[in-house]
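Listing of coords28.txt, compact mmCIF, C-alpha atoms
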```
# COMPACT_ATOMS: atom_id res chain seq x y z
CA MET E 31 9.95 -4.57 -7.80
CA LYS E 32 12.91 -2.22 -7.95
CA LEU E 33 12.08 1.40 -8.78
CA ALA E 34 15.19 3.57 -8.93
CA ASP E 35 16.75 3.19 -5.47
CA ARG E 36 13.67 1.72 -3.81
CA THR E 37 12.51 -1.86 -3.44
CA ILE E 38 8.72 -1.99 -3.50
CA ALA E 39 7.55 -5.07 -1.66
CA PRO E 40 4.93 -6.07 0.92
CA ALA E 41 5.65 -5.59 4.61
CA PRO E 42 8.00 -6.39 6.23
CA HIS E 43 10.30 -6.75 3.19
CA GLY E 44 9.96 -3.22 1.83
CA THR E 45 10.91 0.00 3.56
CA GLY E 46 7.36 1.27 3.82
CA PRO E 47 4.45 1.96 1.52
CA TYR E 48 5.56 3.64 -1.67
CA ILE E 49 3.30 6.67 -2.12
CA ILE E 50 2.82 8.45 -5.43
CA ALA E 51 1.44 11.97 -5.48
CA GLU E 52 -0.57 11.98 -8.70
CA ILE E 53 -0.41 15.54 -9.98
CA GLY E 54 -2.03 14.28 -13.15
CA VAL E 55 -3.84 17.20 -14.72
CA ASN E 56 -4.48 19.10 -11.49
CA HIS E 57 -1.99 21.73 -12.66
CA ASP E 58 -4.79 22.90 -15.01
CA GLY E 59 -2.19 23.36 -17.75
CA SER E 60 -0.07 25.74 -15.63
CA PRO E 61 3.64 24.87 -15.33
CA GLU E 62 3.96 27.12 -12.28
CA ARG E 63 1.11 25.34 -10.52
CA ALA E 64 2.67 21.98 -11.34
CA LEU E 65 5.90 23.05 -9.63
CA LYS E 66 4.00 24.15 -6.53
CA LEU E 67 2.30 20.76 -6.38
CA VAL E 68 5.71 19.08 -6.48
CA ASP E 69 6.73 21.13 -3.45
CA ALA E 70 3.50 20.15 -1.70
CA ALA E 71 4.10 16.48 -2.46
CA ALA E 72 7.59 16.64 -1.00
CA ALA E 73 6.38 18.45 2.12
CA ALA E 74 3.67 15.83 2.59
CA GLY E 75 6.18 12.96 2.54
CA ALA E 76 5.41 11.38 -0.85
CA ASP E 77 7.96 9.16 -2.58
CA ALA E 78 7.21 10.18 -6.16
CA VAL E 79 5.21 12.56 -8.31
CA LYS E 80 3.42 11.57 -11.47
CA LEU E 81 2.29 13.52 -14.52
CA GLN E 82 0.14 12.48 -17.45
CA LEU E 83 1.46 12.73 -21.00
CA PHE E 84 -1.21 12.92 -23.66
CA ARG E 85 -2.18 14.87 -26.71
CA ALA E 86 -5.84 15.22 -27.48
CA ASP E 87 -5.32 14.60 -31.18
CA THR E 88 -3.52 11.27 -30.63
CA LEU E 89 -5.78 10.07 -27.82
CA LEU E 90 -9.28 10.95 -29.05
CA SER E 91 -11.15 10.00 -32.16
CA ARG E 92 -14.12 11.98 -33.45
CA ALA E 93 -16.36 9.52 -31.58
CA ALA E 94 -14.93 10.48 -28.17
CA VAL E 95 -17.33 11.76 -25.51
CA LEU E 96 -17.03 13.11 -21.99
CA ALA E 97 -17.49 10.90 -18.95
CA ASP E 98 -20.28 12.06 -16.63
CA TYR E 99 -17.84 13.10 -13.90
CA GLN E 100 -15.88 15.21 -16.42
CA ALA E 101 -19.02 17.00 -17.57
CA LYS E 102 -20.09 17.61 -13.96
CA ASN E 103 -16.70 19.20 -13.27
CA GLY E 104 -17.08 21.83 -15.96
CA ALA E 105 -15.81 20.28 -19.20
CA ALA E 106 -17.66 21.25 -22.40
CA ASP E 107 -16.19 18.65 -24.78
CA PRO E 108 -13.31 16.16 -24.52
CA PHE E 109 -11.04 17.85 -27.07
CA SER E 110 -11.09 21.30 -25.50
CA MET E 111 -10.79 19.77 -22.02
CA LEU E 112 -7.63 17.83 -22.87
CA HIS E 113 -6.07 20.58 -24.96
CA GLY E 114 -6.28 22.87 -21.96
CA LEU E 115 -4.60 20.33 -19.68
CA GLU E 116 -1.57 19.48 -21.83
CA LEU E 117 1.93 20.28 -20.59
CA GLU E 118 4.82 20.78 -22.99
CA PRO E 119 7.97 18.66 -22.56
CA ASP E 120 10.01 21.60 -21.21
CA ALA E 121 7.43 22.18 -18.50
CA MET E 122 7.40 18.48 -17.62
CA ARG E 123 11.19 18.42 -17.49
CA ALA E 124 11.12 21.33 -15.05
CA VAL E 125 8.62 19.44 -12.89
CA TYR E 126 10.83 16.37 -12.77
CA ASP E 127 13.95 18.43 -12.10
CA ARG E 128 12.15 19.98 -9.13
CA ALA E 129 11.00 16.55 -7.99
CA ARG E 130 14.52 15.12 -8.01
CA ALA E 131 15.81 18.18 -6.19
CA CYS E 132 13.23 17.37 -3.52
CA GLY E 133 14.29 13.72 -3.37
CA LEU E 134 11.24 12.43 -5.24
CA HIS E 135 11.07 9.94 -8.09
CA ALA E 136 9.61 10.91 -11.46
CA ILE E 137 6.81 8.78 -12.93
CA ILE E 138 4.66 9.42 -15.98
CA THR E 139 1.50 7.97 -17.47
CA VAL E 140 1.75 7.74 -21.24
CA PHE E 141 -1.58 7.50 -23.05
CA SER E 142 -0.41 6.92 -26.61
CA ARG E 143 2.36 4.92 -28.25
CA GLU E 144 3.32 7.92 -30.34
CA LEU E 145 4.39 9.78 -27.19
CA ILE E 146 6.82 7.23 -25.75
CA THR E 147 9.80 8.81 -27.48
CA MET E 148 8.86 12.15 -25.93
CA ALA E 149 8.53 10.48 -22.52
CA GLU E 150 11.90 8.72 -22.86
CA ALA E 151 13.56 12.09 -23.39
CA LEU E 152 12.34 13.10 -19.93
CA GLY E 153 14.37 10.35 -18.28
CA VAL E 154 11.63 9.21 -15.93
CA ASP E 155 12.14 6.51 -13.30
CA ALA E 156 9.05 4.48 -14.21
CA TYR E 157 6.00 4.41 -16.44
CA LYS E 158 2.39 3.90 -15.50
CA THR E 159 -0.57 3.03 -17.66
CA ALA E 160 -4.05 4.30 -17.02
CA SER E 161 -6.79 1.80 -16.23
CA PRO E 162 -8.31 1.73 -19.75
CA ASP E 163 -4.96 0.58 -21.13
CA VAL E 164 -4.78 -2.71 -19.21
CA ILE E 165 -6.11 -4.18 -22.49
CA ASN E 166 -3.87 -2.04 -24.73
CA ARG E 167 -1.27 -4.66 -25.63
CA PRO E 168 0.61 -2.50 -28.18
CA LEU E 169 1.14 0.27 -25.61
CA LEU E 170 2.14 -2.14 -22.85
CA GLN E 171 4.63 -3.92 -25.07
CA ASP E 172 6.19 -0.69 -26.28
CA LEU E 173 6.63 0.45 -22.67
CA VAL E 174 8.22 -2.89 -21.78
CA ARG E 175 10.79 -2.28 -24.53
CA THR E 176 11.97 0.86 -22.74
CA GLY E 177 13.26 -1.38 -19.94
CA ARG E 178 11.79 0.86 -17.27
CA PRO E 179 9.56 -0.46 -14.45
CA LEU E 180 5.86 -0.39 -15.26
CA LEU E 181 2.87 0.28 -13.01
CA VAL E 182 -0.46 -0.91 -14.40
CA SER E 183 -3.81 0.36 -13.12
CA THR E 184 -6.76 -2.00 -13.41
CA GLY E 185 -9.92 0.07 -12.98
CA THR E 186 -12.91 -1.30 -14.96
CA ALA E 187 -10.92 -4.49 -15.66
CA THR E 188 -12.05 -8.05 -15.09
CA LEU E 189 -9.83 -10.62 -13.42
CA ALA E 190 -9.39 -12.35 -16.79
CA GLU E 191 -8.13 -9.10 -18.33
CA VAL E 192 -5.64 -8.64 -15.49
CA ALA E 193 -4.44 -12.24 -15.98
CA ARG E 194 -3.98 -11.63 -19.68
CA ALA E 195 -1.98 -8.46 -19.08
CA ALA E 196 0.21 -10.38 -16.62
CA GLU E 197 1.00 -12.88 -19.36
CA TRP E 198 1.93 -10.08 -21.75
CA LEU E 199 4.28 -8.49 -19.21
CA GLU E 200 5.83 -11.82 -18.18
CA THR E 201 9.11 -11.21 -16.34
CA HIS E 202 9.33 -7.47 -16.99
CA PRO E 203 9.43 -5.47 -13.70
CA HIS E 204 5.83 -4.48 -13.16
CA LEU E 205 3.23 -4.03 -10.48
CA PHE E 206 -0.56 -4.01 -10.78
CA LEU E 207 -2.64 -1.43 -8.97
CA HIS E 208 -6.16 -2.34 -7.97
CA CYS E 209 -8.35 0.61 -8.86
CA VAL E 210 -11.99 1.63 -9.03
CA SER E 211 -12.53 4.10 -11.86
CA ALA E 212 -15.10 6.37 -10.25
CA TYR E 213 -14.18 9.97 -9.49
CA PRO E 214 -14.70 10.13 -6.57
CA THR E 215 -15.24 6.52 -5.44
CA PRO E 216 -17.78 6.05 -2.62
CA ASP E 217 -16.38 4.21 0.40
CA GLU E 218 -18.72 1.28 -0.13
CA GLU E 219 -17.33 0.86 -3.66
CA ALA E 220 -13.62 0.94 -2.71
CA SER E 221 -13.45 -2.84 -3.11
CA LEU E 222 -10.23 -3.28 -1.14
CA ALA E 223 -10.79 -7.03 -0.92
CA ALA E 224 -10.61 -7.37 -4.72
CA ARG E 225 -6.84 -7.44 -4.36
CA GLN E 226 -7.20 -10.93 -2.87
CA ALA E 227 -8.68 -12.13 -6.15
CA MET E 228 -5.86 -10.46 -8.10
CA PHE E 229 -3.30 -12.52 -6.18
CA LYS E 230 -4.74 -15.54 -7.98
CA VAL E 231 -3.44 -14.30 -11.33
CA THR E 232 -0.21 -12.57 -10.33
CA SER E 233 2.43 -13.56 -7.81
CA ARG E 234 3.70 -10.00 -7.61
CA ALA E 235 3.08 -7.36 -5.01
CA LEU E 236 0.02 -5.20 -5.52
CA GLY E 237 -0.82 -1.55 -5.05
CA TYR E 238 -3.96 0.55 -4.76
CA SER E 239 -4.89 3.59 -6.84
CA ASP E 240 -7.20 5.50 -4.54
CA HIS E 241 -10.07 7.65 -5.79
CA THR E 242 -12.03 7.77 -2.53
CA THR E 243 -12.32 10.93 -0.44
CA SER E 244 -11.57 9.28 2.91
CA LEU E 245 -8.27 10.04 4.61
CA ASP E 246 -7.86 6.53 5.99
CA THR E 247 -8.42 4.56 2.76
CA GLY E 248 -4.71 4.37 2.06
CA ALA E 249 -4.04 3.07 5.56
CA LEU E 250 -6.77 0.47 5.15
CA ALA E 251 -5.29 -0.60 1.82
CA VAL E 252 -1.85 -0.94 3.40
CA ALA E 253 -3.33 -2.96 6.25
CA SER E 254 -4.85 -5.31 3.69
CA GLY E 255 -1.49 -5.80 1.96
CA ALA E 256 -0.95 -2.95 -0.52
CA CYS E 257 2.70 -1.90 -0.79
CA LEU E 258 2.11 1.06 -3.13
CA LEU E 259 -0.48 3.83 -3.07
CA GLU E 260 -1.38 6.39 -5.69
CA LYS E 261 -3.45 9.41 -4.69
CA HIS E 262 -4.32 12.60 -6.57
CA LEU E 263 -2.94 15.84 -5.13
CA THR E 264 -4.56 19.20 -5.82
CA TYR E 265 -4.28 22.80 -4.74
CA ASP E 266 -8.07 23.10 -4.30
CA ARG E 267 -10.65 20.30 -4.26
CA ASN E 268 -13.30 22.77 -5.38
CA ALA E 269 -11.42 23.89 -8.47
CA SER E 270 -12.92 23.31 -11.89
CA GLY E 271 -11.40 20.29 -13.61
CA PRO E 272 -11.91 16.56 -14.04
CA ASP E 273 -9.90 15.25 -11.06
CA HIS E 274 -9.93 17.90 -8.32
CA ALA E 275 -12.98 16.50 -6.53
CA ALA E 276 -11.36 13.07 -6.13
CA SER E 277 -8.07 14.59 -4.92
CA PHE E 278 -6.65 15.78 -1.60
CA ASP E 279 -5.29 19.23 -0.88
CA PRO E 280 -1.76 19.43 0.58
CA ASP E 281 -2.84 19.21 4.23
CA GLN E 282 -5.13 16.27 3.55
CA PHE E 283 -2.45 14.54 1.50
CA ALA E 284 0.06 14.90 4.33
CA GLU E 285 -2.38 13.29 6.75
CA TYR E 286 -3.08 10.54 4.21
CA VAL E 287 0.63 9.77 4.01
CA ARG E 288 0.98 9.82 7.80
CA LEU E 289 -1.86 7.36 8.28
CA ALA E 290 -0.58 5.03 5.55
CA ARG E 291 2.92 4.93 7.02
CA ARG E 292 1.48 4.35 10.50
CA ALA E 293 -0.47 1.38 9.14
CA TRP E 294 2.73 -0.04 7.64
CA ARG E 295 4.58 0.28 10.97
CA MET E 296 1.70 -1.45 12.73
CA LEU E 297 1.70 -4.41 10.33
CA GLY E 298 5.02 -5.93 11.29
CA ALA E 299 6.10 -9.38 10.17
CA PRO E 300 3.48 -12.06 9.31
CA VAL E 301 4.35 -14.15 12.36
CA LYS E 302 2.74 -14.73 15.75
CA GLU E 303 5.30 -14.71 18.55
CA VAL E 304 6.03 -13.20 21.94
CA ARG E 305 7.06 -9.63 21.25
CA ASP E 306 9.85 -8.02 23.22
CA VAL E 307 7.47 -5.34 24.48
CA GLU E 308 5.20 -7.99 26.02
CA ARG E 309 7.77 -10.28 27.67
CA GLU E 310 7.34 -8.79 31.13
CA VAL E 311 3.56 -9.17 30.93
CA HIS E 312 4.08 -12.70 29.63
CA ARG E 313 6.21 -13.54 32.67
CA ILE E 314 4.01 -12.06 35.38
CA SER E 315 0.50 -12.62 33.99
CA ARG E 316 0.79 -16.20 32.76
CA GLN E 317 -0.11 -18.78 35.39
CA SER E 318 1.82 -21.79 36.74
CA ILE E 319 1.05 -25.01 38.60
CA VAL E 320 1.24 -24.09 42.30
CA VAL E 321 1.28 -26.39 45.36
CA ARG E 322 -1.50 -25.64 47.80
CA ARG E 323 0.47 -26.44 51.02
CA ASP E 324 3.88 -27.47 52.29
CA LEU E 325 4.75 -30.88 50.86
CA PRO E 326 7.62 -33.16 51.91
CA ALA E 327 10.16 -34.87 49.67
CA GLY E 328 8.83 -38.14 48.31
CA HIS E 329 5.19 -36.97 48.32
CA VAL E 330 3.26 -38.23 45.31
CA LEU E 331 1.26 -35.38 43.79
CA THR E 332 -2.55 -35.54 43.58
CA VAL E 333 -5.21 -33.19 42.30
CA GLU E 334 -5.83 -31.96 45.85
CA ASP E 335 -2.20 -30.82 46.13
CA LEU E 336 -2.25 -28.47 43.20
CA THR E 337 -3.85 -25.30 41.81
CA VAL E 338 -3.05 -22.74 39.11
CA LYS E 339 -1.91 -19.18 39.93
CA ARG E 340 0.26 -16.36 38.70
CA PRO E 341 3.12 -15.78 37.82
CA GLY E 342 4.15 -17.91 34.90
CA THR E 343 7.59 -18.82 36.30
CA GLY E 344 6.75 -22.46 37.05
CA LEU E 345 5.44 -25.41 35.09
CA PRO E 346 2.66 -24.25 32.73
CA PRO E 347 -0.98 -25.25 33.35
CA GLU E 348 -1.06 -27.48 30.28
CA GLN E 349 1.20 -29.91 32.21
CA PHE E 350 -1.26 -30.21 35.11
CA GLU E 351 -2.34 -33.78 34.25
CA ALA E 352 1.22 -34.84 33.45
CA VAL E 353 2.58 -34.07 36.95
CA LEU E 354 -0.12 -36.03 38.78
CA GLY E 355 1.34 -39.19 40.33
CA ARG E 356 4.93 -37.95 40.19
CA PRO E 357 6.88 -37.83 43.49
CA LEU E 358 8.72 -34.79 44.78
CA VAL E 359 12.50 -35.04 45.11
CA ARG E 360 12.62 -32.25 47.68
CA GLU E 361 10.41 -30.34 50.06
CA VAL E 362 8.24 -27.71 48.44
CA SER E 363 6.72 -24.80 50.35
CA GLY E 364 3.02 -24.09 50.04
CA ASP E 365 1.72 -21.49 47.58
CA THR E 366 4.83 -21.59 45.39
CA PRO E 367 5.09 -22.46 41.68
CA LEU E 368 6.14 -26.00 40.90
CA VAL E 369 9.22 -26.40 38.69
CA GLU E 370 10.65 -29.42 36.89
CA ASP E 371 13.56 -29.72 39.33
CA ASP E 372 11.04 -30.39 42.15
CA LEU E 373 9.95 -33.65 40.48
CA ALA E 374 11.49 -37.09 40.18
```

Could you take the file, read its structure, and then write that structure out as structure tokens?
Amino acid sequence: MKLADRTIAPAPHGTGPYIIAEIGVNHDGSPERALKLVDAAAAAGADAVKLQLFRADTLLSRAAVLADYQAKNGAADPFSMLHGLELEPDAMRAVYDRARACGLHAIITVFSRELITMAEALGVDAYKTASPDVINRPLLQDLVRTGRPLLVSTGTATLAEVARAAEWLETHPHLFLHCVSAYPTPDEEASLAARQAMFKVTSRALGYSDHTTSLDTGALAVASGACLLEKHLTYDRNASGPDHAASFDPDQFAEYVRLARRAWRMLGAPVKEVRDVEREVHRISRQSIVVRRDLPAGHVLTVEDLTVKRPGTGLPPEQFEAVLGRPLVREVSGDTPLVEDDLA
């Protein structure tokens, strides 16, 4: 998938894992804090920052309730929680201006169809949908009409729901993110292998939206094939708010990025071959067919004449049976590798 000037693809086709610093609502409604988090994302080596665009009145009905993790992190009711975390368009525009000045892409999660016009005015590079909206066909289709690339999280979704969303999106540039919607997600629930099942319903590259608290989860996801990572960034994991506990502070985020990019470099191409760095070891540590003693020209080789020793500069051991019974065309000194030119 093409996102601005980057091609997002599995190793070795892409240029590395694409890493999104999810600021989300960790600015706590403060434009100044959001700008500082952009700076932290850039310093940590992220590729993009992401904000969330929502309005409590368009997202929540009177039946809305808090999730347990939101209540545990200090929220009193869903309306007051979301109202306090909203950013105005001017503040978001300033965040994205700062991001582009830092060389980062601008991504936004839109939670309601009514807000797409507002999001379009921000000129973002891509849209993302939150996990609950993998079944929200009206929202997905409206975002497709913008023509911008679309990232789709799949927390709480079944494989059938992912397959259905893939049909809705058809040929539009999009990428699914495997996700576990628990904040934070225990290591044993990270479900990295679920991406293998998702490949059955989409031929596209896949990413991982990470809610664990382990620094190496991103690297493990990359090693298992993820080409895009999303991770929450915060100024303080102990701050009051719905997402801080499942986030990384700037130092942790930088280490997370480092480990993920190291995993990508270690992956290499999906081939098994002699690497340049191992050619010398290949030459000196492989073994060859070796004659046990001096043998004259015309001698017909027998088992008693031969052994196998290093280095691998002669005929390989797998040809041991094939050389038996063949005569020598020249004298061969003992304890030397046998080569094809020695044989008739």

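Comparing the minimum interatomic distances between Ala187 of chain E and each of E:Met228, E:Leu345, E:Cys257, E:Val369, counting only C-alpha atoms, we find that E:Met228 sits nearest.
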
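Our summary of the geometry notes that atom CA of His208 of chain E is positioned 26.1 Å from atom CA of Ala64 of chain E.
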
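For the pair atom CA of Leu222 of chain E and atom CA of Leu81 of chain E, the separation is 24.9 Å.
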
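For the pair atom CA of Ala253 of chain E and atom CA of Ala293 of chain E, the separation is 5.9 Å.
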
What's the 9 Å shell around Arg295 of chain E, counting all atoms listed in the file, without same-chain residues fewer than 5 positions away, as an mmCIF file with C-alpha atoms, in the coordinates of the input?
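The file below, selection-v2.cif, is the result:
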```
data_model
loop_
_atom_site.group_PDB
_atom_site.id
_atom_site.type_symbol
_atom_site.label_atom_id
_atom_site.label_comp_id
_atom_site.auth_asym_id
_atom_site.auth_seq_id
_atom_site.Cartn_x
_atom_site.Cartn_y
_atom_site.Cartn_z
ATOM 1 C CA ALA E 41 5.650 -5.590 4.610
ATOM 2 C CA PRO E 42 8.000 -6.390 6.230
ATOM 3 C CA GLY E 46 7.360 1.270 3.820
ATOM 4 C CA ALA E 290 -0.580 5.030 5.550
#
```

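If you measure from each of E:Val164, E:Leu205, E:Gly342, E:Val362 to Arg309 of chain E using only C-alpha atoms, the closest one turns out to be E:Gly342.
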
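Using all atoms listed in the file, every residue with an atom at most 12 Å from the point (9.3, -34.3, 52.6) is listed here: E:Arg323, E:Asp324, E:Leu325, E:Pro326, E:Ala327, E:Gly328, E:His329, E:Val330, E:Leu331, E:Pro357, E:Leu358, E:Val359, E:Arg360, E:Glu361, E:Val362, E:Ser363, E:Asp372.
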
Give one line per residue of segment 147-264 of chain E that approaches segment 83-102 of chain E to at most 12 Å, naming the two atoms of the closest pair and their distance in Å to one decimal, counting all atoms listed in the file; sort by chain then ascending residue number and deliver it as a Markdown table.
```
| residue | atom | partner | partner_atom | distance |
| --- | --- | --- | --- | --- |
| E:Thr147 | CA | E:Leu83 | CA | 11.3 |
| E:Met148 | CA | E:Leu83 | CA | 8.9 |
| E:Ala149 | CA | E:Leu83 | CA | 7.6 |
| E:Glu150 | CA | E:Leu83 | CA | 11.3 |
| E:Leu152 | CA | E:Leu83 | CA | 10.9 |
| E:Val154 | CA | E:Leu83 | CA | 11.9 |
| E:Tyr157 | CA | E:Leu83 | CA | 10.5 |
| E:Lys158 | CA | E:Leu83 | CA | 10.4 |
| E:Thr159 | CA | E:Leu83 | CA | 10.5 |
| E:Ala160 | CA | E:Leu83 | CA | 10.8 |
| E:Pro162 | CA | E:Leu89 | CA | 11.9 |
| E:Asp163 | CA | E:Leu89 | CA | 11.6 |
| E:Ser211 | CA | E:Tyr99 | CA | 10.6 |
| E:Ala212 | CA | E:Tyr99 | CA | 8.1 |
| E:Tyr213 | CA | E:Tyr99 | CA | 6.5 |
| E:Pro214 | CA | E:Tyr99 | CA | 8.5 |
| E:Thr215 | CA | E:Tyr99 | CA | 11.0 |
```

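The point (8.8, 5.8, -22.1) has these residues within 10 Å of it, counting all atoms listed in the file: E:Ile137, E:Ile138, E:Thr139, E:Val140, E:Arg143, E:Leu145, E:Ile146, E:Thr147, E:Met148, E:Ala149, E:Glu150, E:Ala151, E:Leu152, E:Gly153, E:Val154, E:Asp155, E:Ala156, E:Tyr157, E:Lys158, E:Asp172, E:Leu173, E:Val174, E:Arg175, E:Thr176, E:Gly177, E:Arg178, E:Pro179, E:Leu180.
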
For segment 233-246 of chain E, work out the shell of residues within 9 Å, counting all atoms listed in the file and skipping chain neighbours fewer than 4 positions away, then give it as a ChimeraX atom specification.
-> /E:31,38-40,48,181,183-185,204-217,219-220,222,225,228-229,250-252,255-262,275-278,282-283,285-287,289-290

From the list E:His113, E:Arg130, E:Lys230, E:Arg267, the nearest residue to Val68 of chain E using all atoms listed in the file is E:Arg130

May I ask which of the residues E:Ile319, E:Ile50, E:Leu189, E:Leu65 is the closest one to Ala121 of chain E, counting all atoms listed in the file?
-> E:Leu65

In terms of all atoms listed in the file, the residue from E:Ala76, E:Leu117, E:Ala71, E:Ala227 at minimal distance from Asp58 of chain E is E:Leu117
